[in-house]
Structure formats: structure tokens, C-alpha cells
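J.: Before anything else, here's the structure in question.
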Amino acid sequence: MYISKIRIENFRNFNIKDIEFNDGVNVIIGHNNAGKSNLIKALGLVLDSQGSKRLDVDDFNKHNSLDDLKANSPTIRISITINESIGEDLNSDDLVTVGNWLTKLEEPYEALLTYEFFLPEKEKANYLEAINTATDLNIAWKTIKHDFIRLYVYKIWGGNTTTQTVADSESLQKFDFQFLDAIRDVERDMLTGKNTLLRSVLDFFMDYEIKSDTSKSEGDKKAEIKTKKQDFSDNADALLIDLQGRMTEGKEQILSYAKNTGASFNNAIPNFEGSISDVEMFSALKLIVEYESGVKIPATHNGLGYNNLIFMSLLLSKMQVNSDGKYLGSNAKVFPILAIEEPEAHLHPAMQYQFLRFLKKNKLEKKVRQIFVSTHSTHITSSVSLDEMICLHNEAEESTVGYPGKVFPSDGKSKKYVQRFLDATKSDMLFAQKVILVEGISEQLLISILARYEGISLDEKHIAVINVGGRFFDHFLHLFDSQKPDALNKKIVCLTDRDPERKKISGGSYEKCYPFEYNQDRTIYNYKNNASADKYPITTHPNIVFFSQNVDKGKTFEYDLILYNPSLELLITDSMSNKEEIKELMSLYENEKPISDYETKLRGSHENKRIIDSINVNTSFTDNDKSRAIIAARYLNSVGKGENALELAYVLDENLTKKGTTEYKEFNVPDYIKQAIEWICQ
């Protein structure tokens with residue numbers, strides 16, 4: 001069996017939300033305050049027999065209206081659906097455990113557990129009388145906090161909630177819900193010999209070579225272990241007698257103080273006595289780490305990450321202990337569940353990857369049945385499949401859930417592409433609140449800086465800029481298309497180049513052309529530009545918009561940078577070719593020189609002749625348009641994408657630090673980028 005779904009009602013940031021789970025590993029991701037911790041807490045309220053079940057007024061979802069509160073007392077309800085696993089043995093303990101909670105008898109069976117935190121019926125009249133005097137929500141919640149929250153009770157119902165049947169505690173105890181929160185003291189929980197976690201693990205694995213020997217009967221195993229324990233006890237008793245002898249005189253001195261203080265009242269004399277078992281002796285040892293060189297150090301001297309891994313291995317060992325029927329008999333757990341919050345808190349990337357493999361191995365070996373991991377780590381998400389991810393998102397205090405593995409077409413091509421693409425850097429798109437998808441390295445490096453020229457920090461607004469390496473937006477839009485079920489509902493901007501092209505009507509293939517050549521001679525050429533540039537204009541899709549350069553004057557990102565800053569020498573970088581020529585062209589523009597002067601400055605080449613000839617025959621551009629276009633064309637032909645982008649990022653960033661001084665150079669952000677930033681920040 002496995003937990004297939006949870007329904008959360010009126011709990012913390014969840015109003016009413018259904019979330020589906022995998023039979024195995026579930027990696028829960030999302031930005032801060034998306035609800036990851038609240039989801040795991042909700043699971044624990046139903047399944048963690050050791051955890052507190054009482055809640056406070058701040059655990060209620062606060063989206064109730066005043067009229068809602070005046071009509072009924074608020075109730076928190078969390079339901080988990082348990083389904084039959086594929087290939088499950090129906091003669092196993094699974095079906096017996098959930099038998100009383102079944103809501104569907106035919107295969108695959110289905111069971112339901114519901115946690116409810118509510119005001120008892122007998123208190124409802126007093127509640128309605130008190131709450132109806134409240135004039136606003138704050139007063140209403142204060143009334144609940146001060147006068148009624150102490151009267152709330154909780155129940156866990158089994159099966160259909162209409163029957164109001166309380167789930168039997170014996171069956172609930174069969175679930176072993178182990179939760180590791182992000183802030184944990186592993187030294188306290190692991191390294192003391194008196195700790196119950198360590199003691200139970202030691203007791204189970206003591207004499208494991210005998211317990212795991214399949215060639216021996218259970219009776220023979222018990223007899224052999226009993227003999228070993230008795231031998232140890234006899235030896236320990238001899239040691240204790242020896243210790244007692246060594247303390248004879250010292251004990252008299254110690255006990256003399258007891259007599260003097262009256263502790264020996266009524267002929268009762270304090271003394272020392274006791275015995276020690278093999279497990280007690282073993283747990284008295286210190287946990288150490290021994291290196292190949294022979295150097296030994298106490299585990300207390302380890303880093304937090306290393307000790308966290310040791311602790312998690314001990315916890316999984318304990319879960320193995322808890323589910324062993326031969327060891328615990330009818331008290332054995334049936335369904336071990338491991339929930340871990342932010343395992344990356346103390347683990348560097350390589351250890352995160354190793355940890356995830358470790359968890360999956362334990363799942364395959366059935367030492368744990370279902371795993372829930374909440375994380376902010378892109379290293380973890382890049383190491384799991386899309387099918388194992390559950391993405392939570394919170395926008396305008398509305399929580400949504402997406403399932404990346406379910407959104408792609410059935411042919412599987414886009415899914416495979418995205419799965420290969422999501423490395424530790426690019427999987428940031430799954431965590432960000434909003435995403436800007438760009439074609440290349442230049443935009444990736446520069447967009448956040450251009451946003452700062454507009455007075456906006458993309459980092460502060462949790463907006464990620466992701467380079468998809470070309471015009472491959474469609475593969476990723478399956479993830480975010482809110483018009484389809486299971487998608488991640490977050491605002492997406494796609495920045496794509498116009499890239500105008502033309503081909504001769506007489507034949508041949510399409511080739512790149514300049515904006516001043518576009519649509520200029522339809523008797524000779526057919527023209528086209530990037531069709532996806534106009535795929536989703538503003539208002540045509542609920543959460544996705546494409547932005548691109550002007551259809552008549554735009555070409556690429558670098559081309560537009562100069563088109564909007566035709567005399568800004570700051571944009572001429574060291575790695576460019578033709579630097580002096582471009583500076584001279586910028587000077588011509590600054591001094592409003594005629595187009596004929598530009599021709600004299602261009603060095604002789606086939607491409608430069610093409611630029612001048614095309615500019616001269618263009619009848620739709622003004623002289624100013626033509627001047628800027630010549631400079632932009634020469635600039636575009638003189639830059640290398642990657643290195644130039646790095647240099648531009650540096651100089652533009654440095655220029656920002658000079659804002660407000662005479663050294664600052666005015667820089668104009670291209671219109672289409674301005675519009676994109678404005679839209680995604682709304």
C-alpha cells in the first residue's frame with residue numbers, strides 16, 4: 001500500500017488543496033513559504049503517533065471571511081487516501097492494517113484516514129453567540145483564541161467521515177512516521193548512550209550474525225543468543241564484584257556523610273548495587289570515526305553534515321527494527337515512512353546526491369516504504385526524475401500544486417529534453433516564483449542587470465533568468481501552461497529574437513537579413529521572422545507572454561542594445577573586433593552626420609557594401625533610423641556572444657555603481673525588455 005493523496009482543508013497556507021503522491025520517493029519543492037513544511041506537518045498530524053495533535057489558532061488558514069466565521073466555527077481537516085500498490089500481496093499485513101478504513105473494496109482497494117480539529121457540538125451555541133458580536137476579522141480571531149481554542153478537540157476518523165468512526169489506535173500504531181526537521185540537534189539525538197534511538201538499534205543489531213542466519217531455526221537462534229547474554233552477564237557480575245571490593249573503604253567514607261545528615265533514618269542505609277547488560281555496556285562507548293590511517297576522532301568533532309548522515313542511517317536502522325515482526329511481535333510496524341525537511345541544510349552538493357541514492361536504495365530494500373523530502377536544493381532536484389517531483393507555488397496567498405512528470409505530451413520527446421536539461425543551475429526554474437526564459441548566454445548574464453537600470457531587483461522578487469539554449473521554449477512551456485492540469489502556475493516571460501530572414505522566390509533557402517532589408521523587395525524575396533516571437537502577446541495567455549524586438553526594426557538582443565544606445569562607447573568591449581571603426585560611427589551619430597559619411601568610415605568588405613546598399617534603397621526608415629541601424633549592424637557583426645556578454649555585464653554593473661555622479665553614463669534599456677520586466681513584476 002502507499003499514501004496516494006492528501007487533502008488539506010483550512011490548515012495554514014492551504015485553503016482546500018488536494019496533493020497526489022508517488023509510491024516511493026516524493027521530492028517536494030517550491031519557493032520560500034510555498035507550503036512545503038506545512039505539507040509534511042499535515043502528514044504527521046494524521047500518521048505520527050508520537051507527535052502532538054493539538055493545534056493553535058495560528059494553524060488555521062486565515063482566508064475565512066467574517067461571515068464564514070459567524071456561520072460556523074472553523075475546522076481543520078486533513079485526509080489521506082491509502083491505495084493498494086502495484087503487485088501488492090493481499091495476504092500481507094497491509095490490508096489487515098487498513099481493513100477497517102476501506103472506502104473501496106474492489107481492487108485496487110482504497111482506504112481513508114481523516115484528522116479533524118474542531119469545536120465540539122455542545123460548544124457551538126456559545127461560539128455563535130460570542131462571535132456574532134465581532135465587528136471585524138481580527139476581533140473574531142481574538143475571540144476564538146481567548147475563549148474557544150482551549151475547547152477544541154481532535155479526532156482521527158477511519159473510512160468515510162460521515163460514519164464518524166474513530167480510527168483504532170492499534171492500527172494507527174502500525175505506521176512508523178519518522179520526521180527529521182531542518183533544525184535538529186543530532187549530537188543530542190544520537191551520541192548519548194542513554195538515547196532510546198541508539199539503545200533500540202544496538203539491541204536489535206547485537207548478535208546480528210546469529211539473528212540473520214537463515215540456516216538456523218528461531219529456537220536455536222534464541223537459545224544461542226540467550227547463552228551469549230548469560231555469559232556476558234556472568235562476566236559483568238564478576239567485574240562489578242571486583243569494583244565493589246575496590247570501593248569497600250571508599251564506600252564507608254561516602255556513606256558516613258549519609259549517616260551524619262540523617263539519610264540512614266529508621267535503619268535504612270544507602271548502598272550501591274546493580275547489574276549491566278550487554279547493550280548498556282555497548283552504549284556506554286563513544287561513537288567515533290576511524291580513518292584508514294588509523295586516526296580516531298570522536299563523532300562530536302565531526303561536521304554537522306557528516307553527523308546528519310550518520311544520524312539518518314541510525315534512524316533508518318531503527319525503522320528496520322520497528323518493522324521486524326520477529327523482534328517486536330505484534331508491536332512491529334507495518335508501514336515505515338521517512339519525512340525529511342531540507343536535507344541540504346548541512347550537506348554539500350556531493351553529499352546531497354549521495355544521500356538521495358542512499359534513500360532510494362533503502363526504498364528498494366523495503367527498509368522504508370515511502371519517502372517525503374522537502375527541499376530548496378537544485379542539486380537534489382537535478383538528481384531525481386520529473387515524476388518524483390511535487391511543486392508547490394504560492395502567489396497572492398493562493399497555493400497551487402504542479403506535477404512536472406505529468407504535463408508533457410504522450411510522445412515523451414519534450415519530457416526527455418527537459419529531464420536532460422535540468423542540471424543544478426537550470427532547475428532553479430522550479431523554485432523561483434516567476435521565470436524569464438531566454439535564448440542564450442548574453443540575455444542570461446545581462447537581463448538582471450538591465451532590470452536594475454529600471455530600478456528593479458529580480459533576485460528580491462524571486463525571478464529566475466534561465467537560458468534554454470535556443471528557441472526551445474515549447475518544451476518548457478508544458479511545465480508552466482496553467483490552462484492544462486498539473487502544470488506549475490507561475491508567471492513566465494519568454495524573450496526571443498526576431499531574427500528576420502529572406503529567400504529568393506526563384507529558389508534557395510532562407511538566410512538571415514537585416515531589419516532594413518526586411519519586406520523591402522517582395523518581387524525578388526519571400527520574408528519571414530521568428531514565428532514564436534508573437535506566440536503569446538500580452539492578455540492572450542493567463543501566465544505566459546512572449547516579448548521580442550520591434551517587428552520592423554529589431555533583430556537580436558545585441559543589435560537592440562546598440563539600437564537604443566547608438567553613441568554609448570561603454571558598450572564597446574575589449575573582445576570586440578572593429579572597435580575603432582564602431583567608435584567613429586558612434587561619433588558620426590553623436591554629431592548628426594549624413595548617411596554618406598558612414599559609408600566613408602566603413603572598411604571595404606562584401607558585408608559592409610551590403611549594409612550600405614540596403615540602407616540606401618530602404619524607403620521606410622528615417623535618416624535617424626538608418627544611422628542607428630548601420631551602427632547596430634556593424635556592432636552585431638563584431639561581437640562574440642559569450643565573452644562579450646561577460647564584459648558587458650561587468651561594465652554595465654560598474655556603471656550602475658556610479659549613478660548619481662558625473663562618471664555615470666546614461667543607458668537605455670530596449671523597449672521589449674522594459675515591457676517584459678514590467679509585466680512579470682506586476
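Naming works like this for the C-alpha cells: A, B, ... for the chains as they're shown, residue 1 at the start of each chain, ligands 1 onward in shown order.
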Can you tell me which residues surround region 412-416 of chain A at a distance of at most 10 Å, considering only C-alpha atoms, apart from same-chain residues fewer than 5 positions away, and format the answer as a CSV table (one decimal) with N, CA, C and O atoms, in the first residue's frame?
T.:
```csv
chain,number,residue,atom,x,y,z
A,386,LEU,N,11.5,13.7,-13.1
A,386,LEU,CA,10.4,14.7,-13.0
A,386,LEU,C,9.2,14.0,-12.4
A,386,LEU,O,8.4,14.7,-11.7
A,404,PRO,N,5.5,18.0,-12.4
A,404,PRO,CA,6.3,18.1,-13.6
A,404,PRO,C,6.2,16.9,-14.5
A,404,PRO,O,6.3,17.0,-15.7
A,405,GLY,N,6.1,15.7,-13.9
A,405,GLY,CA,6.2,14.5,-14.7
A,405,GLY,C,4.9,14.2,-15.5
A,405,GLY,O,4.9,13.3,-16.3
A,406,LYS,N,3.8,15.0,-15.2
A,406,LYS,CA,2.5,14.7,-15.8
A,406,LYS,C,2.1,15.6,-16.9
A,406,LYS,O,1.0,15.5,-17.5
A,407,VAL,N,2.9,16.7,-17.2
A,407,VAL,CA,2.4,17.7,-18.0
A,407,VAL,C,2.8,17.6,-19.5
A,407,VAL,O,2.3,18.4,-20.3
A,421,PHE,N,17.9,18.5,-19.5
A,421,PHE,CA,18.2,19.9,-19.4
A,421,PHE,C,18.4,20.3,-17.9
A,421,PHE,O,19.2,21.2,-17.6
A,472,PHE,N,13.9,26.8,-27.8
A,472,PHE,CA,13.3,25.6,-27.3
A,472,PHE,C,12.3,25.8,-26.2
A,472,PHE,O,12.0,25.0,-25.4
A,474,ASP,N,9.0,25.8,-26.2
A,474,ASP,CA,7.9,25.0,-26.2
A,474,ASP,C,8.0,23.8,-25.2
A,474,ASP,O,7.1,23.3,-24.6
A,475,HIS,N,9.2,23.2,-25.2
A,475,HIS,CA,9.5,22.1,-24.3
A,475,HIS,C,9.2,22.4,-22.9
A,475,HIS,O,8.6,21.7,-22.1
A,476,PHE,N,9.6,23.7,-22.5
A,476,PHE,CA,9.4,24.1,-21.1
A,476,PHE,C,8.1,24.6,-20.8
A,476,PHE,O,7.6,24.6,-19.6
A,477,LEU,N,7.4,25.1,-21.8
A,477,LEU,CA,6.1,25.7,-21.5
A,477,LEU,C,5.0,24.7,-21.1
A,477,LEU,O,4.0,25.0,-20.5
A,478,HIS,N,5.3,23.4,-21.4
A,478,HIS,CA,4.4,22.3,-20.9
A,478,HIS,C,4.4,22.4,-19.4
A,478,HIS,O,3.4,22.1,-18.8
A,479,LEU,N,5.6,22.7,-18.8
A,479,LEU,CA,5.6,22.7,-17.3
A,479,LEU,C,4.8,23.8,-16.7
A,479,LEU,O,4.2,23.6,-15.6
```
J.: Show me, as a list in words, the residues that have an atom within 12 Å of Glu110 (chain A) when counting only C-alpha atoms, minus same-chain residues fewer than 4 positions from it.
T.: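 That gives Met1, Tyr2, Ile3, Ser4, Lys5, Ile80, Thr81, Ile82, Asn83, Glu84, Ser85, Asp94, Leu95, Val98, Gly99, Asn100, Trp101, Leu102, Thr103, Lys104, Leu105, Glu106, Gly158, Gly159 and Asn160 of chain A.
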J.: Which residue is closest to Ile29 (chain A)? Choose from A:Cys681, A:Ala649, A:Leu488, A:Cys494 and count only C-alpha atoms.
T.: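 Residue with the minimum atom-to-atom distance to Ile29 (chain A): A:Leu488.
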J.: So which residues touch Ala533 (chain A) within 12 Å, counting only C-alpha atoms, skipping near sequence neighbours fewer than 4 positions away, as a PyMOL selection string?
T.: chain A and resi 438-439+471+473+493-500+528-529+537-538+545-551+554-556+672
J.: Extract, using only C-alpha atoms, all DNA, RNA and protein residues at most 10 Å from Ser482 (chain A), discarding same-chain residues fewer than 5 positions from it, and format them as a list in words.
T.: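 Skipping anything fewer than 5 positions along the chain leaves Gly402, Leu477, Ala487, Leu488, Asn489, Lys490, Lys491, His541, Pro542, Asn543 and Ile544 of chain A.
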J.: Can I get the selection written as a CSV table (one decimal), in the first residue's frame, with N, CA, C and O atoms?
T.:
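Below is the file part_26.csv, written as the result:
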```csv
chain,number,residue,atom,x,y,z
A,402,GLY,N,1.8,21.6,-8.7
A,402,GLY,CA,2.1,21.1,-10.0
A,402,GLY,C,2.9,19.8,-10.0
A,402,GLY,O,3.6,19.5,-9.0
A,477,LEU,N,7.4,25.1,-21.8
A,477,LEU,CA,6.1,25.7,-21.5
A,477,LEU,C,5.0,24.7,-21.1
A,477,LEU,O,4.0,25.0,-20.5
A,487,ALA,N,0.1,21.6,-14.3
A,487,ALA,CA,1.2,22.5,-14.6
A,487,ALA,C,1.5,23.3,-13.4
A,487,ALA,O,0.8,23.5,-12.4
A,488,LEU,N,2.7,23.9,-13.4
A,488,LEU,CA,3.2,24.8,-12.4
A,488,LEU,C,2.7,26.2,-12.7
A,488,LEU,O,3.2,26.8,-13.7
A,489,ASN,N,1.8,26.7,-11.9
A,489,ASN,CA,1.1,28.0,-12.2
A,489,ASN,C,2.0,29.2,-11.7
A,489,ASN,O,1.8,29.7,-10.6
A,490,LYS,N,2.9,29.6,-12.6
A,490,LYS,CA,3.7,30.8,-12.2
A,490,LYS,C,3.9,31.6,-13.5
A,490,LYS,O,3.8,31.1,-14.6
A,491,LYS,N,4.1,33.0,-13.3
A,491,LYS,CA,4.3,33.8,-14.5
A,491,LYS,C,5.6,33.5,-15.2
A,491,LYS,O,6.6,33.4,-14.6
A,541,HIS,N,-2.7,34.8,-22.9
A,541,HIS,CA,-2.5,33.6,-22.1
A,541,HIS,C,-2.5,34.0,-20.6
A,541,HIS,O,-2.0,35.1,-20.3
A,542,PRO,N,-3.0,33.2,-19.7
A,542,PRO,CA,-3.1,33.7,-18.3
A,542,PRO,C,-1.8,33.9,-17.6
A,542,PRO,O,-1.7,34.8,-16.8
A,543,ASN,N,-0.7,33.1,-18.0
A,543,ASN,CA,0.5,33.3,-17.2
A,543,ASN,C,1.8,33.2,-18.1
A,543,ASN,O,2.9,33.3,-17.5
A,544,ILE,N,1.6,33.2,-19.4
A,544,ILE,CA,2.8,33.2,-20.3
A,544,ILE,C,2.7,34.3,-21.3
A,544,ILE,O,1.7,34.5,-22.0
```
J.: For Val334 (chain A), which of A:Glu224, A:Asp428, A:Glu395, A:Asp176 is the closest residue, counting only C-alpha atoms?
T.: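 Of the candidates, the smallest distance to Val334 (chain A) is held by A:Asp176.
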J.: Using DSSP on the backbone, list every residue of region 41-259 of chain A that comes out as strand (DSSP E or B), and give them as a PDB file with C-alpha atoms, in the first residue's frame.
T.:
```pdb
ATOM      1  CA  PHE A  60      -5.996  27.896  10.799  1.00  0.00           C
ATOM      2  CA  ILE A  76      -9.095  21.941  10.162  1.00  0.00           C
ATOM      3  CA  ARG A  77      -9.495  18.717   8.206  1.00  0.00           C
ATOM      4  CA  ILE A  78      -6.673  16.617   6.744  1.00  0.00           C
ATOM      5  CA  SER A  79      -7.491  13.412   4.862  1.00  0.00           C
ATOM      6  CA  ILE A  80      -5.019  10.896   3.470  1.00  0.00           C
ATOM      7  CA  THR A  81      -6.002   8.318   0.890  1.00  0.00           C
ATOM      8  CA  ILE A  82      -4.212   4.961   1.035  1.00  0.00           C
ATOM      9  CA  ASN A  83      -4.195   2.809  -2.082  1.00  0.00           C
ATOM     10  CA  LEU A 102     -11.697   0.919   3.463  1.00  0.00           C
ATOM     11  CA  THR A 103     -13.814   3.137   1.221  1.00  0.00           C
ATOM     12  CA  LYS A 104     -13.364   0.938  -1.844  1.00  0.00           C
ATOM     13  CA  GLU A 110      -8.712   2.357  -1.149  1.00  0.00           C
ATOM     14  CA  ALA A 111      -8.748   3.471   2.484  1.00  0.00           C
ATOM     15  CA  LEU A 112      -9.203   6.849   4.133  1.00  0.00           C
ATOM     16  CA  LEU A 113      -7.865   8.437   7.327  1.00  0.00           C
ATOM     17  CA  THR A 114      -9.060  11.898   8.348  1.00  0.00           C
ATOM     18  CA  TYR A 115      -7.662  14.149  11.062  1.00  0.00           C
ATOM     19  CA  GLU A 116     -10.122  16.767  12.318  1.00  0.00           C
ATOM     20  CA  PHE A 117      -9.517  19.635  14.732  1.00  0.00           C
ATOM     21  CA  PHE A 118     -12.902  21.080  15.624  1.00  0.00           C
ATOM     22  CA  VAL A 153     -10.666  18.657  20.261  1.00  0.00           C
ATOM     23  CA  TYR A 154      -9.148  16.416  17.616  1.00  0.00           C
ATOM     24  CA  LYS A 155     -10.201  13.066  16.207  1.00  0.00           C
ATOM     25  CA  ILE A 156      -8.808  10.745  13.574  1.00  0.00           C
ATOM     26  CA  TRP A 157     -11.631   9.123  11.653  1.00  0.00           C
ATOM     27  CA  GLY A 158     -11.232   5.860   9.763  1.00  0.00           C
ATOM     28  CA  VAL A 166     -12.713   6.769  15.212  1.00  0.00           C
ATOM     29  CA  PHE A 175       2.507   3.423  10.791  1.00  0.00           C
ATOM     30  CA  ASP A 176       6.082   4.375  11.630  1.00  0.00           C
ATOM     31  CA  PHE A 177       6.275   8.067  10.692  1.00  0.00           C
ATOM     32  CA  GLN A 178       9.821   9.348  11.254  1.00  0.00           C
ATOM     33  CA  PHE A 179      10.356  13.075  10.708  1.00  0.00           C
ATOM     34  CA  LEU A 180      13.671  14.942  10.597  1.00  0.00           C
TER      35      LEU A 180
END
```
J.: Taking 5 positions as the minimum chain separation for residues in the same chain, which residues sit within 10 Å of Asp207 (chain A) when counting only C-alpha atoms? Answer as a PDB file with N, CA and C atoms, in the first residue's frame.
T.:
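Listed below is the output, selection11.pdb:
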```
ATOM      1  N   LEU A 202      20.961  -0.668  18.875  1.00  0.00           N
ATOM      2  CA  LEU A 202      22.021  -1.555  19.367  1.00  0.00           C
ATOM      3  C   LEU A 202      21.458  -2.902  19.796  1.00  0.00           C
ATOM      4  N   SER A 212      20.446 -13.162  11.701  1.00  0.00           N
ATOM      5  CA  SER A 212      20.260 -13.161  10.244  1.00  0.00           C
ATOM      6  C   SER A 212      20.659 -14.482   9.588  1.00  0.00           C
ATOM      7  N   LYS A 221      18.323 -19.945  17.403  1.00  0.00           N
ATOM      8  CA  LYS A 221      18.841 -18.577  17.484  1.00  0.00           C
ATOM      9  C   LYS A 221      18.637 -18.003  18.882  1.00  0.00           C
ATOM     10  N   GLU A 224      20.969 -19.624  21.433  1.00  0.00           N
ATOM     11  CA  GLU A 224      22.357 -19.203  21.297  1.00  0.00           C
ATOM     12  C   GLU A 224      22.563 -17.781  21.820  1.00  0.00           C
ATOM     13  N   ILE A 225      21.606 -16.891  21.486  1.00  0.00           N
ATOM     14  CA  ILE A 225      21.709 -15.502  21.963  1.00  0.00           C
ATOM     15  C   ILE A 225      21.552 -15.440  23.480  1.00  0.00           C
ATOM     16  N   LYS A 228      24.807 -16.337  25.045  1.00  0.00           N
ATOM     17  CA  LYS A 228      25.761 -15.237  24.955  1.00  0.00           C
ATOM     18  C   LYS A 228      25.460 -14.141  25.980  1.00  0.00           C
ATOM     19  N   LYS A 229      24.172 -13.837  26.136  1.00  0.00           N
ATOM     20  CA  LYS A 229      23.787 -12.810  27.104  1.00  0.00           C
ATOM     21  C   LYS A 229      24.130 -13.257  28.528  1.00  0.00           C
TER      22      LYS A 229
END
```
J.: Taking the DSSP assignment computed from this structure's backbone, write out as a ChimeraX atom specification all residues of region 37-227 of chain A that belong to alpha helix (DSSP H).
T.: /A:37-47,66-71,93-98,124-131,137-143,169-172,186-190,196-205,208-211,218-227
J.: If you count only C-alpha atoms, which residues fall within 9 Å of region 448-458 of chain A, apart from same-chain ones fewer than 4 positions away, as a list in words?
T.: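 Non-adjacent residues within range: Glu443, Gln444, His462, Ile463, Ala464, Val465, Ala649, Leu652, Asp653, Leu656, Phe667, Asn668, Val669, Ile673, Lys674, Ile677 and Cys681 of chain A.
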J.: Go ahead and save the residues from that selection, with N, CA, C and O atoms, as a PDB file, in the first residue's frame.
T.:
```pdb
ATOM      1  N   GLU A 443      21.671  37.129 -22.810  1.00  0.00           N
ATOM      2  CA  GLU A 443      20.497  37.538 -22.042  1.00  0.00           C
ATOM      3  C   GLU A 443      20.562  37.019 -20.608  1.00  0.00           C
ATOM      4  O   GLU A 443      20.195  37.718 -19.663  1.00  0.00           O
ATOM      5  N   GLN A 444      21.047  35.778 -20.454  1.00  0.00           N
ATOM      6  CA  GLN A 444      21.141  35.198 -19.118  1.00  0.00           C
ATOM      7  C   GLN A 444      22.010  36.056 -18.197  1.00  0.00           C
ATOM      8  O   GLN A 444      21.688  36.275 -17.030  1.00  0.00           O
ATOM      9  N   HIS A 462      12.367  37.204  -6.488  1.00  0.00           N
ATOM     10  CA  HIS A 462      12.438  35.753  -6.702  1.00  0.00           C
ATOM     11  C   HIS A 462      12.120  35.373  -8.148  1.00  0.00           C
ATOM     12  O   HIS A 462      11.361  34.444  -8.416  1.00  0.00           O
ATOM     13  N   ILE A 463      12.708  36.137  -9.075  1.00  0.00           N
ATOM     14  CA  ILE A 463      12.535  35.876 -10.505  1.00  0.00           C
ATOM     15  C   ILE A 463      13.835  35.282 -11.041  1.00  0.00           C
ATOM     16  O   ILE A 463      14.904  35.883 -10.910  1.00  0.00           O
ATOM     17  N   ALA A 464      13.744  34.112 -11.636  1.00  0.00           N
ATOM     18  CA  ALA A 464      14.923  33.435 -12.180  1.00  0.00           C
ATOM     19  C   ALA A 464      15.024  33.690 -13.678  1.00  0.00           C
ATOM     20  O   ALA A 464      14.010  33.703 -14.386  1.00  0.00           O
ATOM     21  N   VAL A 465      16.255  33.892 -14.158  1.00  0.00           N
ATOM     22  CA  VAL A 465      16.516  34.016 -15.596  1.00  0.00           C
ATOM     23  C   VAL A 465      17.184  32.721 -16.047  1.00  0.00           C
ATOM     24  O   VAL A 465      18.273  32.383 -15.583  1.00  0.00           O
ATOM     25  N   ALA A 649      28.431  42.649 -18.971  1.00  0.00           N
ATOM     26  CA  ALA A 649      27.882  42.520 -17.618  1.00  0.00           C
ATOM     27  C   ALA A 649      28.738  43.287 -16.623  1.00  0.00           C
ATOM     28  O   ALA A 649      28.223  43.964 -15.722  1.00  0.00           O
ATOM     29  N   LEU A 652      28.490  47.319 -17.389  1.00  0.00           N
ATOM     30  CA  LEU A 652      27.170  47.860 -17.061  1.00  0.00           C
ATOM     31  C   LEU A 652      26.913  47.829 -15.558  1.00  0.00           C
ATOM     32  O   LEU A 652      26.294  48.737 -14.997  1.00  0.00           O
ATOM     33  N   ASP A 653      27.381  46.775 -14.917  1.00  0.00           N
ATOM     34  CA  ASP A 653      27.245  46.683 -13.467  1.00  0.00           C
ATOM     35  C   ASP A 653      28.071  47.777 -12.785  1.00  0.00           C
ATOM     36  O   ASP A 653      27.606  48.439 -11.847  1.00  0.00           O
ATOM     37  N   LEU A 656      26.509  51.213 -13.010  1.00  0.00           N
ATOM     38  CA  LEU A 656      25.411  51.426 -12.056  1.00  0.00           C
ATOM     39  C   LEU A 656      25.922  51.958 -10.724  1.00  0.00           C
ATOM     40  O   LEU A 656      25.230  52.731 -10.050  1.00  0.00           O
ATOM     41  N   PHE A 667      22.222  54.951 -19.901  1.00  0.00           N
ATOM     42  CA  PHE A 667      21.996  53.722 -20.686  1.00  0.00           C
ATOM     43  C   PHE A 667      20.504  53.499 -20.824  1.00  0.00           C
ATOM     44  O   PHE A 667      19.756  53.578 -19.842  1.00  0.00           O
ATOM     45  N   ASN A 668      20.066  53.200 -22.041  1.00  0.00           N
ATOM     46  CA  ASN A 668      18.644  52.961 -22.321  1.00  0.00           C
ATOM     47  C   ASN A 668      18.375  51.470 -22.507  1.00  0.00           C
ATOM     48  O   ASN A 668      19.008  50.834 -23.354  1.00  0.00           O
ATOM     49  N   VAL A 669      17.466  50.943 -21.720  1.00  0.00           N
ATOM     50  CA  VAL A 669      17.079  49.537 -21.847  1.00  0.00           C
ATOM     51  C   VAL A 669      16.124  49.409 -23.023  1.00  0.00           C
ATOM     52  O   VAL A 669      15.159  50.181 -23.131  1.00  0.00           O
ATOM     53  N   ILE A 673      12.459  44.659 -23.557  1.00  0.00           N
ATOM     54  CA  ILE A 673      12.933  44.153 -22.261  1.00  0.00           C
ATOM     55  C   ILE A 673      12.272  44.931 -21.129  1.00  0.00           C
ATOM     56  O   ILE A 673      11.875  44.358 -20.110  1.00  0.00           O
ATOM     57  N   LYS A 674      12.116  46.235 -21.301  1.00  0.00           N
ATOM     58  CA  LYS A 674      11.377  47.031 -20.330  1.00  0.00           C
ATOM     59  C   LYS A 674       9.972  46.468 -20.120  1.00  0.00           C
ATOM     60  O   LYS A 674       9.505  46.301 -18.994  1.00  0.00           O
ATOM     61  N   ILE A 677       9.988  43.100 -18.218  1.00  0.00           N
ATOM     62  CA  ILE A 677      10.262  43.260 -16.790  1.00  0.00           C
ATOM     63  C   ILE A 677       9.049  43.856 -16.080  1.00  0.00           C
ATOM     64  O   ILE A 677       8.672  43.424 -14.979  1.00  0.00           O
ATOM     65  N   CYS A 681       6.760  41.706 -13.202  1.00  0.00           N
ATOM     66  CA  CYS A 681       6.805  42.250 -11.834  1.00  0.00           C
ATOM     67  C   CYS A 681       5.442  42.747 -11.355  1.00  0.00           C
ATOM     68  O   CYS A 681       5.311  43.160 -10.200  1.00  0.00           O
TER      69      CYS A 681
END
```
